[in-house]
$ cat work38.cif   # mmCIF, C-alpha atoms
data_work
loop_
_atom_site.label_atom_id
_atom_site.label_comp_id
_atom_site.auth_asym_id
_atom_site.auth_seq_id
_atom_site.Cartn_x
_atom_site.Cartn_y
_atom_site.Cartn_z
CA ALA V 1372 -63.58 -34.71 29.25
CA LYS V 1373 -61.82 -33.04 32.13
CA VAL V 1374 -58.29 -32.86 33.47
CA THR V 1375 -57.56 -33.46 37.14
CA ILE V 1376 -54.23 -32.23 38.50
CA MET V 1377 -53.11 -33.73 41.81
CA THR V 1378 -50.13 -34.86 43.81
CA LEU V 1379 -49.05 -38.49 43.81
CA HIS V 1380 -50.06 -38.66 47.48
CA GLY V 1381 -53.55 -37.47 46.56
CA ALA V 1382 -53.89 -40.09 43.82
CA LYS V 1383 -53.73 -43.11 46.12
CA GLY V 1384 -56.74 -45.35 45.65
CA LEU V 1385 -57.93 -43.57 42.48
CA GLU V 1386 -57.73 -44.69 38.85
CA PHE V 1387 -57.89 -42.77 35.56
CA PRO V 1388 -57.98 -43.82 31.90
CA ALA V 1389 -54.82 -41.80 31.15
CA VAL V 1390 -52.10 -40.57 33.50
CA PHE V 1391 -49.34 -38.08 32.65
CA LEU V 1392 -46.32 -37.97 34.95
CA PRO V 1393 -44.05 -35.03 33.99
CA GLY V 1394 -40.81 -33.92 35.60
CA TRP V 1395 -39.16 -37.32 36.09
CA GLU V 1396 -35.59 -36.07 36.51
CA ASP V 1397 -33.08 -37.05 39.19
CA GLY V 1398 -33.10 -34.33 41.81
CA LEU V 1399 -36.74 -33.56 41.07
CA PHE V 1400 -38.18 -37.08 41.23
CA PRO V 1401 -36.72 -38.63 43.25
CA SER V 1402 -36.20 -35.34 45.04
CA GLN V 1403 -32.71 -34.40 46.11
CA ARG V 1404 -34.07 -33.23 49.47
CA SER V 1405 -35.67 -36.59 50.20
CA MET V 1406 -32.44 -38.41 49.35
CA ASP V 1407 -30.30 -35.95 51.37
CA GLU V 1408 -32.54 -36.07 54.45
CA SER V 1409 -33.51 -39.74 54.48
CA GLY V 1410 -30.93 -41.52 52.31
CA LEU V 1411 -31.94 -44.96 51.08
CA LYS V 1412 -35.17 -44.86 53.09
CA GLY V 1413 -36.16 -41.63 51.34
CA LEU V 1414 -35.30 -43.10 47.95
CA GLU V 1415 -37.52 -46.12 48.63
CA GLU V 1416 -40.42 -43.87 49.68
CA GLU V 1417 -40.04 -41.94 46.42
CA ARG V 1418 -40.00 -45.28 44.54
CA ARG V 1419 -43.28 -46.24 46.23
CA LEU V 1420 -44.78 -42.91 45.10
CA ALA V 1421 -43.60 -43.64 41.54
CA TYR V 1422 -45.41 -46.98 41.71
CA VAL V 1423 -48.57 -45.24 42.95
CA GLY V 1424 -48.46 -42.83 40.02
CA ILE V 1425 -47.87 -45.47 37.37
CA THR V 1426 -50.53 -47.82 38.68
CA ARG V 1427 -53.23 -45.10 38.64
CA ALA V 1428 -53.42 -45.51 34.85
CA GLU V 1429 -56.13 -47.84 33.55
CA GLU V 1430 -55.08 -47.63 29.89
CA ILE V 1431 -52.09 -45.36 29.28
CA CYS V 1432 -49.34 -43.82 31.38
CA THR V 1433 -46.98 -41.22 29.91
CA ILE V 1434 -43.78 -40.35 31.81
CA SER V 1435 -41.72 -37.37 30.64
CA PHE V 1436 -38.63 -35.41 31.62
CA ALA V 1437 -36.81 -32.27 30.48
CA GLY V 1438 -33.31 -32.50 29.03
CA ASN V 1439 -32.71 -28.92 30.19
CA ARG V 1440 -34.52 -26.89 32.81
CA GLN V 1441 -34.24 -23.25 33.82
CA VAL V 1442 -33.65 -22.99 37.58
CA TYR V 1443 -33.44 -19.53 39.15
CA GLY V 1444 -32.69 -18.01 35.75
CA GLN V 1445 -29.90 -20.46 34.87
CA TRP V 1446 -30.21 -23.32 32.40
CA GLN V 1447 -29.21 -26.71 33.79
CA SER V 1448 -28.83 -30.03 32.02
CA GLN V 1449 -31.03 -32.68 33.57
CA VAL V 1450 -30.58 -36.44 33.97
CA PRO V 1451 -33.66 -38.65 33.50
CA SER V 1452 -34.98 -40.16 36.73
CA ARG V 1453 -33.45 -43.47 37.77
CA PHE V 1454 -37.07 -44.67 38.15
CA ILE V 1455 -37.66 -44.56 34.38
CA ASP V 1456 -35.44 -47.59 33.80
#

$ encode --input "work38.cif" --output "structure tokens"
Amino acid sequence: AKVTIMTLHGAKGLEFPAVFLPGWEDGLFPSQRSMDESGLKGLEEERRLAYVGITRAEEICTISFAGNRQVYGQWQSQVPSRFID
């Protein structure tokens, strides 16, 4: 067995038995920059990428997030991505 690490953009058109999607926290995914720069349009593009990631899984898809994350040496509480619901 092998592990392939790729971006969601790079996964379009491919399928895998198992897919792991880490880092699903608001501000990370969807990214704060995308929402700040493009507003609702940016949020919808991020939602489409979420769909791409989830639908790459043939059998199992695991989505995870961190409750706390260290950013530039400071611990920050994280909110799960709105896409998880």

$ axis_aligned_box --input "work38.cif" --around "stretch 1382-1390 of chain V" --padding-each-side "4 Å" --output "JSON"
{"center_x": -55.0, "center_y": -42.7, "center_z": 38.6, "size_x": 13.9, "size_y": 13.3, "size_z": 23.0}

$ closest_residue --input "work38.cif" --among "V:Met1377, V:Leu1385, V:Ala1437, V:Met1406" --to "V:Gln1449" --atoms "all atoms listed in the file"
V:Ala1437

$ resolve_selection --input "work38.cif" --expression "the PyMOL selection byres ((chain V and resi 1424) around 10)" --output "list in words"
Thr1378, Leu1379, His1380, Gly1381, Ala1382, Lys1383, Leu1385, Glu1386, Val1390, Phe1391, Leu1392, Arg1418, Arg1419, Leu1420, Ala1421, Tyr1422, Val1423, Ile1425, Thr1426, Arg1427, Ala1428, Cys1432 and Ile1434 of chain V

$ resolve_selection --input "work38.cif" --expression "the PyMOL selection byres ((chain V and resi 1454) around 10)" --output "count of residues only"
14

$ resolve_selection --input "work38.cif" --expression "the PyMOL selection byres ((chain V and resi 1438) around 7)" --output "ChimeraX atom specification"
/V:1436-1437,1439-1440,1448-1450

$ closest_residue --input "work38.cif" --among "V:Ala1389, V:Trp1446, V:Glu1416, V:Gln1441" --to "V:Ser1402" --atoms "only C-alpha atoms"
V:Glu1416

$ residues_around --input "work38.cif" --residues "V:Pro1388" --least-positions-apart "5" --cutoff "8 Å" --atoms "all atoms listed in the file" --output "VMD selection string"
chain V and resid 1428 to 1431

$ atom_distance --input "work38.cif" --atom1 "atom CA of V:Glu1415" --atom2 "atom CA of V:Phe1387"
24.4 Å

$ closest_residue --input "work38.cif" --among "V:Gln1445, V:Thr1375, V:Thr1433, V:Ser1405" --to "V:Pro1393" --atoms "only C-alpha atoms"
V:Thr1433

$ atom_distance --input "work38.cif" --atom1 "atom CA of V:Lys1412" --atom2 "atom CA of V:Leu1399"
16.6 Å

$ atom_distance --input "work38.cif" --atom1 "atom CA of V:Gly1398" --atom2 "atom CA of V:Gly1410"
12.9 Å
